[in-house]
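Engineer: Right, I'll just put the structure down here and ask away after.
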Amino acid sequence: MKLERRLAVPGSLGLLLALTFASAVPVVGAQDRPPAPAAAPAPAAEHNAADKKDDKDAPIPPEKTVVTHHELALGGKTLKYTATAGTLLIRDEEDKPYGSIFYVAYTLDGAEPESRPLSFLYNGGPGSATLWLHMGSFSPVRIETNSPNATAGPPFKLVPNQYSLLDKTDLVFIDAPLTGYSRAVGKATAKDFSGVDQDLHAFDRFIQRYLNANQRWNSPKFLIGESYGTTRSAALADMLGNDGVQLNGVVLISSILNYNIRAGGYDILYVTNLPSYAAAAWYFNKVPNKPANVADWVEQAREFASGPYAQALFAGHNLPASQLDTVAKEVSRFTGLSVDYVKEADLRISPTRFRKEVLREDRRTLGRYDMRFEGVDLDSAGENPSYDASDAGISGAFIAALHDYLSRELKYESTDTYRPSAENIGQWDWKHRPTSGGPGMGGGEQSQPWVAADLGAAIRKNPHLRVFSANGYFDLATPFFATEYDLSHMDLEPALRGNVKFGYYPSGHMIYLNVEALHQLKDDLAGFIAQPAGN
């Protein structure tokens, strides 16, 4: 199911989207599980309870490591590896510790550090710990789920991961500040981490500290982020490069690279969502003459969305009635929604409305992170789903597995509470100042992060930097068509455009929940990591 393609955007869509992004009003975008609250920044005089430390500074704990040794049968070989669970201190501009960051590293025994790749992995949120990637994707173990059905249990089943990347790279799973066992220390407060650029500086400092502590500066280095973790990675690639940390590659899993995409009054969201709606309609047999291959079907949806559909939305209320009828019928054909519903919605179907409407006759709703998951609402006549079935169906399994695994297998004990998401993270500061400016930005501050510009700058400065974008067809949190648009608008010279590759999978936001997709993704990333530098 893997497909590589280079996106060509017709002139009409290019005009529409250029106007959209030039004028967009900032709003909050997709979240990792569990979603962090989204709101405007609080006035300077107001502080979250976690920011108040009138009595005393938080103690500065020593750096801690717990080391265990393990084996994994993978690819016909037995891999002996070391697991290190611990914390490292990061320091501020005054060289004072202000954060204790928790991580779990898996390193292959006997490997030469200078030739052994090293990958840093993290989830997003913002405000999400990395238990999802850690327990579900490429570590030496993974949790089995019943996806796309709700997972039964407990007891949950943690199994050796035959799709681990340990045969290709050492792995360092990082919990973001204020999540997992990562904490503010000293004089630091939550607001020192609760923002786009604050978060970037923390990860930049952690990665450099890890390289120093483990003598890994000369190892090939990769970033692997999911969801808001892709927002982080795109900007972090440029920040690390400016600090002398040259990366070999960046893996973007289920990306969001422009948080202006949900700006009110503009139509980009509807254009970029339509191919994802088409994928869900294909999956649930809601389309006539269903093609055998979902990739062929969404390619037709791309062409319609970027052509007649985008032109119709651009016309606004000036769209002729005859053209409205024609476009509505095509929207209905691709989405499985009735023509009347499409017309009543003025051709503009929001994600929540689609999730509620497409299976309404079956009294089912669709998941947001993975539209293959079906939910049941108390009120089937409502406007929006009452919960996200793709979140509720797996959260308990992942959280339980992480707690049990850390204490039972990795022997990591703490009197602190492991936080799947940040508590009292406060008002997230969405402002972002690109370290290298960006097209049309002049290096100025953005009210919402548009980090494709940062990634483009990183590639221009390091022409050997490669990017792999992994996308799930049934992901409605970070739709693949929006990612294609963002990555095709980094203003790269022709010689650099081949640095960016795409992979597509029969899955949702968490690609690894589909074991078939995980197998494909492992193979794709194994080849990506193994590719020699400069090729």
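Residues in the structure tokens are numbered from 1 in each chain, the chains being A, B, ... in the order shown, and ligands are numbered from 1 in the order shown.
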List the spatial neighbours of stretch 491-501 of chain A as a ChimeraX atom specification - criterion: any atom at most 6 Å away, only C-alpha atoms, same-chain residues fewer than 2 positions off excluded.
Structural biologist: /A:466-468,489
Engineer: Could you give me, as a list in words, the residues within 8 Å of A:Arg183, counting only C-alpha atoms and dropping anything in the same chain fewer than 5 positions from it?
Structural biologist: Gly99, Ser100, Ile101, Pro177 and Leu178 of chain A
Engineer: Work out how far apart atom CA of A:Lys221 and atom CA of A:Thr478 are and give it in Å to one decimal.
Structural biologist: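 Taking atom CA of A:Lys221 and atom CA of A:Thr478, their separation equals 25.6 Å.
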Engineer: Counting only C-alpha atoms, what is within 12 Å of A:Trp217, bar same-chain residues fewer than 3 positions away, as a VMD selection string?
Structural biologist: chain A and resid 113 to 118 207 to 214 220 to 221 244 to 247
Engineer: Residues of the last selection are to be written out with all heavy atoms, as a short mmCIF file (atom, residue, chain, number, x, y, z; two decimals), in the first residue's frame.
Structural biologist:
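What follows is the written file selection.cif:
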data_model
loop_
_atom_site.label_atom_id
_atom_site.label_comp_id
_atom_site.auth_asym_id
_atom_site.auth_seq_id
_atom_site.Cartn_x
_atom_site.Cartn_y
_atom_site.Cartn_z
N PRO A 113 29.43 3.16 18.01
CA PRO A 113 28.62 4.39 18.08
C PRO A 113 28.75 5.29 16.86
O PRO A 113 27.77 5.92 16.45
CB PRO A 113 29.16 5.08 19.34
CG PRO A 113 29.75 3.99 20.16
CD PRO A 113 30.30 3.00 19.18
N GLU A 114 29.93 5.34 16.24
CA GLU A 114 30.12 6.27 15.13
C GLU A 114 29.38 5.85 13.87
O GLU A 114 29.09 6.69 13.01
CB GLU A 114 31.62 6.43 14.83
CG GLU A 114 32.36 7.19 15.92
CD GLU A 114 33.75 7.61 15.48
OE1 GLU A 114 34.13 7.25 14.34
OE2 GLU A 114 34.44 8.27 16.25
N SER A 115 29.06 4.58 13.74
CA SER A 115 28.33 4.13 12.56
C SER A 115 26.90 3.71 12.88
O SER A 115 26.10 3.48 11.96
CB SER A 115 29.06 2.94 11.91
OG SER A 115 29.18 1.86 12.83
N ARG A 116 26.56 3.65 14.14
CA ARG A 116 25.23 3.21 14.56
C ARG A 116 24.26 4.38 14.58
O ARG A 116 24.45 5.35 15.32
CB ARG A 116 25.33 2.59 15.96
CG ARG A 116 24.02 2.17 16.59
CD ARG A 116 23.42 0.97 15.92
NE ARG A 116 22.24 0.50 16.67
CZ ARG A 116 21.35 -0.34 16.18
NH1 ARG A 116 21.51 -0.85 14.97
NH2 ARG A 116 20.34 -0.72 16.92
N PRO A 117 23.20 4.35 13.77
CA PRO A 117 22.22 5.44 13.78
C PRO A 117 21.56 5.58 15.15
O PRO A 117 21.42 4.61 15.91
CB PRO A 117 21.21 5.04 12.71
CG PRO A 117 21.97 4.14 11.79
CD PRO A 117 22.92 3.38 12.70
N LEU A 118 21.13 6.80 15.45
CA LEU A 118 20.48 7.14 16.71
C LEU A 118 19.23 7.94 16.40
O LEU A 118 19.31 8.97 15.71
CB LEU A 118 21.44 7.96 17.58
CG LEU A 118 20.91 8.49 18.91
CD1 LEU A 118 20.60 7.34 19.87
CD2 LEU A 118 21.95 9.45 19.53
N ILE A 207 18.46 16.92 23.63
CA ILE A 207 19.19 16.12 22.64
C ILE A 207 20.69 16.39 22.73
O ILE A 207 21.50 15.45 22.70
CB ILE A 207 18.64 16.41 21.23
CG1 ILE A 207 17.24 15.78 21.09
CG2 ILE A 207 19.57 15.87 20.15
CD1 ILE A 207 16.52 16.13 19.81
N GLN A 208 21.08 17.63 22.89
CA GLN A 208 22.50 17.92 23.04
C GLN A 208 23.06 17.32 24.32
O GLN A 208 24.20 16.81 24.33
CB GLN A 208 22.74 19.43 23.02
CG GLN A 208 22.46 20.06 21.66
CD GLN A 208 22.97 21.48 21.59
OE1 GLN A 208 24.16 21.73 21.69
NE2 GLN A 208 22.05 22.43 21.41
N ARG A 209 22.28 17.36 25.39
CA ARG A 209 22.74 16.76 26.65
C ARG A 209 22.90 15.24 26.50
O ARG A 209 23.87 14.65 26.98
CB ARG A 209 21.75 17.06 27.77
CG ARG A 209 22.04 16.39 29.11
CD ARG A 209 23.36 16.85 29.69
NE ARG A 209 23.71 16.06 30.87
CZ ARG A 209 24.91 15.57 31.11
NH1 ARG A 209 25.90 15.75 30.24
NH2 ARG A 209 25.15 14.87 32.20
N TYR A 210 21.96 14.60 25.79
CA TYR A 210 22.06 13.15 25.59
C TYR A 210 23.31 12.82 24.76
O TYR A 210 24.02 11.86 25.06
CB TYR A 210 20.81 12.61 24.90
CG TYR A 210 20.84 11.10 24.76
CD1 TYR A 210 20.31 10.30 25.76
CD2 TYR A 210 21.42 10.49 23.65
CE1 TYR A 210 20.36 8.90 25.66
CE2 TYR A 210 21.48 9.12 23.54
CZ TYR A 210 20.95 8.32 24.55
OH TYR A 210 21.02 6.96 24.46
N LEU A 211 23.56 13.59 23.71
CA LEU A 211 24.74 13.34 22.88
C LEU A 211 26.02 13.48 23.70
O LEU A 211 26.96 12.68 23.54
CB LEU A 211 24.76 14.31 21.70
CG LEU A 211 23.60 14.20 20.69
CD1 LEU A 211 23.73 15.29 19.63
CD2 LEU A 211 23.54 12.82 20.05
N ASN A 212 26.07 14.47 24.57
CA ASN A 212 27.25 14.65 25.42
C ASN A 212 27.41 13.52 26.41
O ASN A 212 28.49 12.95 26.58
CB ASN A 212 27.15 15.98 26.18
CG ASN A 212 27.55 17.17 25.34
OD1 ASN A 212 28.43 17.06 24.49
ND2 ASN A 212 26.91 18.31 25.56
N ALA A 213 26.30 13.17 27.09
CA ALA A 213 26.36 12.18 28.16
C ALA A 213 26.70 10.79 27.64
O ALA A 213 27.26 9.96 28.37
CB ALA A 213 25.03 12.14 28.92
N ASN A 214 26.36 10.53 26.38
CA ASN A 214 26.55 9.19 25.83
C ASN A 214 27.55 9.12 24.68
O ASN A 214 27.66 8.09 24.02
CB ASN A 214 25.19 8.65 25.36
CG ASN A 214 24.21 8.46 26.50
OD1 ASN A 214 24.24 7.44 27.17
ND2 ASN A 214 23.35 9.45 26.73
N PRO A 220 25.03 8.89 13.12
CA PRO A 220 23.94 9.37 12.26
C PRO A 220 22.70 9.62 13.11
O PRO A 220 22.35 8.78 13.96
CB PRO A 220 23.73 8.23 11.26
CG PRO A 220 25.01 7.46 11.29
CD PRO A 220 25.53 7.57 12.69
N LYS A 221 22.02 10.74 12.89
CA LYS A 221 20.95 11.14 13.81
C LYS A 221 19.64 11.41 13.06
O LYS A 221 19.64 12.03 11.98
CB LYS A 221 21.37 12.39 14.59
CG LYS A 221 22.48 12.10 15.61
CD LYS A 221 22.98 13.36 16.27
CE LYS A 221 23.94 14.15 15.42
NZ LYS A 221 25.22 13.44 15.20
N GLY A 244 24.65 23.28 15.54
CA GLY A 244 25.75 22.38 15.19
C GLY A 244 25.42 20.91 15.24
O GLY A 244 26.31 20.07 15.10
N VAL A 245 24.14 20.57 15.43
CA VAL A 245 23.72 19.16 15.43
C VAL A 245 23.16 18.85 14.05
O VAL A 245 22.02 19.17 13.73
CB VAL A 245 22.67 18.89 16.51
CG1 VAL A 245 22.28 17.40 16.50
CG2 VAL A 245 23.17 19.29 17.89
N GLN A 246 23.98 18.24 13.20
CA GLN A 246 23.54 17.95 11.84
C GLN A 246 22.79 16.64 11.81
O GLN A 246 23.29 15.60 12.23
CB GLN A 246 24.74 17.88 10.88
CG GLN A 246 24.32 17.65 9.43
CD GLN A 246 25.44 17.92 8.45
OE1 GLN A 246 26.39 18.63 8.76
NE2 GLN A 246 25.33 17.34 7.26
N LEU A 247 21.56 16.71 11.32
CA LEU A 247 20.70 15.53 11.23
C LEU A 247 20.85 14.85 9.88
O LEU A 247 21.14 15.49 8.87
CB LEU A 247 19.24 15.94 11.42
CG LEU A 247 18.86 16.57 12.75
CD1 LEU A 247 17.41 17.06 12.70
CD2 LEU A 247 19.04 15.58 13.91
#
Engineer: Would you mind listing what lies within 8 Å of A:Ser255 as a PDB file with all heavy atoms, in the first residue's frame, with only C-alpha atoms counted and same-chain residues fewer than 3 positions away left out?
Structural biologist:
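After the write, out-v3.pdb holds the following:
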ATOM      1  N   GLU A 226       5.424  12.304  16.035  1.00  0.00           N
ATOM      2  CA  GLU A 226       4.048  12.021  15.619  1.00  0.00           C
ATOM      3  C   GLU A 226       3.150  13.183  16.006  1.00  0.00           C
ATOM      4  O   GLU A 226       3.274  13.739  17.096  1.00  0.00           O
ATOM      5  CB  GLU A 226       3.552  10.730  16.284  1.00  0.00           C
ATOM      6  CG  GLU A 226       2.123  10.360  15.911  1.00  0.00           C
ATOM      7  CD  GLU A 226       1.672   9.063  16.569  1.00  0.00           C
ATOM      8  OE1 GLU A 226       1.558   9.034  17.809  1.00  0.00           O
ATOM      9  OE2 GLU A 226       1.457   8.083  15.840  1.00  0.00           O
ATOM     10  N   SER A 227       2.226  13.567  15.124  1.00  0.00           N
ATOM     11  CA  SER A 227       1.226  14.594  15.368  1.00  0.00           C
ATOM     12  C   SER A 227       1.899  15.925  15.705  1.00  0.00           C
ATOM     13  O   SER A 227       2.701  16.417  14.912  1.00  0.00           O
ATOM     14  CB  SER A 227       0.269  14.128  16.468  1.00  0.00           C
ATOM     15  OG  SER A 227      -0.907  14.914  16.469  1.00  0.00           O
ATOM     16  N   TYR A 228       1.607  16.543  16.861  1.00  0.00           N
ATOM     17  CA  TYR A 228       2.319  17.777  17.206  1.00  0.00           C
ATOM     18  C   TYR A 228       3.825  17.525  17.276  1.00  0.00           C
ATOM     19  O   TYR A 228       4.612  18.467  17.119  1.00  0.00           O
ATOM     20  CB  TYR A 228       1.813  18.351  18.535  1.00  0.00           C
ATOM     21  CG  TYR A 228       2.494  19.650  18.900  1.00  0.00           C
ATOM     22  CD1 TYR A 228       2.025  20.867  18.416  1.00  0.00           C
ATOM     23  CD2 TYR A 228       3.624  19.652  19.721  1.00  0.00           C
ATOM     24  CE1 TYR A 228       2.664  22.045  18.721  1.00  0.00           C
ATOM     25  CE2 TYR A 228       4.276  20.830  20.034  1.00  0.00           C
ATOM     26  CZ  TYR A 228       3.791  22.027  19.533  1.00  0.00           C
ATOM     27  OH  TYR A 228       4.439  23.197  19.843  1.00  0.00           O
ATOM     28  N   THR A 230       5.407  16.299  14.955  1.00  0.00           N
ATOM     29  CA  THR A 230       5.908  16.713  13.642  1.00  0.00           C
ATOM     30  C   THR A 230       6.077  18.226  13.590  1.00  0.00           C
ATOM     31  O   THR A 230       6.989  18.729  12.925  1.00  0.00           O
ATOM     32  CB  THR A 230       4.973  16.255  12.512  1.00  0.00           C
ATOM     33  OG1 THR A 230       3.697  16.910  12.629  1.00  0.00           O
ATOM     34  CG2 THR A 230       4.757  14.750  12.549  1.00  0.00           C
ATOM     35  N   THR A 231       5.192  18.956  14.258  1.00  0.00           N
ATOM     36  CA  THR A 231       5.375  20.403  14.386  1.00  0.00           C
ATOM     37  C   THR A 231       6.706  20.683  15.057  1.00  0.00           C
ATOM     38  O   THR A 231       7.484  21.535  14.620  1.00  0.00           O
ATOM     39  CB  THR A 231       4.228  21.004  15.221  1.00  0.00           C
ATOM     40  OG1 THR A 231       2.974  20.582  14.699  1.00  0.00           O
ATOM     41  CG2 THR A 231       4.290  22.521  15.230  1.00  0.00           C
ATOM     42  N   LEU A 252       8.240  12.272   9.723  1.00  0.00           N
ATOM     43  CA  LEU A 252       7.009  12.952  10.131  1.00  0.00           C
ATOM     44  C   LEU A 252       5.860  11.953  10.062  1.00  0.00           C
ATOM     45  O   LEU A 252       5.488  11.510   8.965  1.00  0.00           O
ATOM     46  CB  LEU A 252       6.729  14.142   9.213  1.00  0.00           C
ATOM     47  CG  LEU A 252       7.862  15.162   9.042  1.00  0.00           C
ATOM     48  CD1 LEU A 252       7.489  16.182   7.972  1.00  0.00           C
ATOM     49  CD2 LEU A 252       8.183  15.847  10.364  1.00  0.00           C
ATOM     50  N   SER A 469       7.584  11.431   5.061  1.00  0.00           N
ATOM     51  CA  SER A 469       6.266  11.773   5.580  1.00  0.00           C
ATOM     52  C   SER A 469       5.363  10.550   5.529  1.00  0.00           C
ATOM     53  O   SER A 469       5.042  10.050   4.441  1.00  0.00           O
ATOM     54  CB  SER A 469       5.658  12.916   4.758  1.00  0.00           C
ATOM     55  OG  SER A 469       4.299  13.130   5.104  1.00  0.00           O
ATOM     56  N   ASN A 471       1.709   8.799   6.323  1.00  0.00           N
ATOM     57  CA  ASN A 471       0.334   9.281   6.401  1.00  0.00           C
ATOM     58  C   ASN A 471      -0.664   8.121   6.411  1.00  0.00           C
ATOM     59  O   ASN A 471      -0.529   7.184   5.619  1.00  0.00           O
ATOM     60  CB  ASN A 471       0.021  10.172   5.196  1.00  0.00           C
ATOM     61  CG  ASN A 471       0.993  11.315   5.052  1.00  0.00           C
ATOM     62  OD1 ASN A 471       0.788  12.372   5.610  1.00  0.00           O
ATOM     63  ND2 ASN A 471       2.072  11.097   4.303  1.00  0.00           N
ATOM     64  N   THR A 478      -5.067  14.755  11.321  1.00  0.00           N
ATOM     65  CA  THR A 478      -4.039  15.403  10.496  1.00  0.00           C
ATOM     66  C   THR A 478      -4.143  14.832   9.078  1.00  0.00           C
ATOM     67  O   THR A 478      -3.367  13.966   8.689  1.00  0.00           O
ATOM     68  CB  THR A 478      -2.632  15.169  11.074  1.00  0.00           C
ATOM     69  OG1 THR A 478      -2.395  13.754  11.205  1.00  0.00           O
ATOM     70  CG2 THR A 478      -2.491  15.805  12.445  1.00  0.00           C
ATOM     71  N   PRO A 479      -5.069  15.314   8.274  1.00  0.00           N
ATOM     72  CA  PRO A 479      -5.327  14.732   6.954  1.00  0.00           C
ATOM     73  C   PRO A 479      -4.114  14.807   6.027  1.00  0.00           C
ATOM     74  O   PRO A 479      -3.383  15.795   6.001  1.00  0.00           O
ATOM     75  CB  PRO A 479      -6.479  15.590   6.425  1.00  0.00           C
ATOM     76  CG  PRO A 479      -7.144  16.141   7.642  1.00  0.00           C
ATOM     77  CD  PRO A 479      -6.034  16.366   8.616  1.00  0.00           C
ATOM     78  N   PHE A 480      -3.930  13.764   5.238  1.00  0.00           N
ATOM     79  CA  PHE A 480      -2.740  13.642   4.399  1.00  0.00           C
ATOM     80  C   PHE A 480      -2.663  14.704   3.310  1.00  0.00           C
ATOM     81  O   PHE A 480      -1.579  15.122   2.904  1.00  0.00           O
ATOM     82  CB  PHE A 480      -2.665  12.243   3.768  1.00  0.00           C
ATOM     83  CG  PHE A 480      -3.852  11.866   2.918  1.00  0.00           C
ATOM     84  CD1 PHE A 480      -3.906  12.211   1.583  1.00  0.00           C
ATOM     85  CD2 PHE A 480      -4.914  11.147   3.462  1.00  0.00           C
ATOM     86  CE1 PHE A 480      -4.995  11.858   0.790  1.00  0.00           C
ATOM     87  CE2 PHE A 480      -6.003  10.788   2.694  1.00  0.00           C
ATOM     88  CZ  PHE A 480      -6.053  11.149   1.349  1.00  0.00           C
ATOM     89  N   THR A 483      -0.953  17.770   4.581  1.00  0.00           N
ATOM     90  CA  THR A 483       0.492  17.544   4.680  1.00  0.00           C
ATOM     91  C   THR A 483       1.150  17.670   3.313  1.00  0.00           C
ATOM     92  O   THR A 483       2.221  18.277   3.170  1.00  0.00           O
ATOM     93  CB  THR A 483       0.765  16.155   5.272  1.00  0.00           C
ATOM     94  OG1 THR A 483       0.209  16.088   6.583  1.00  0.00           O
ATOM     95  CG2 THR A 483       2.261  15.877   5.341  1.00  0.00           C
TER      96      THR A 483
END
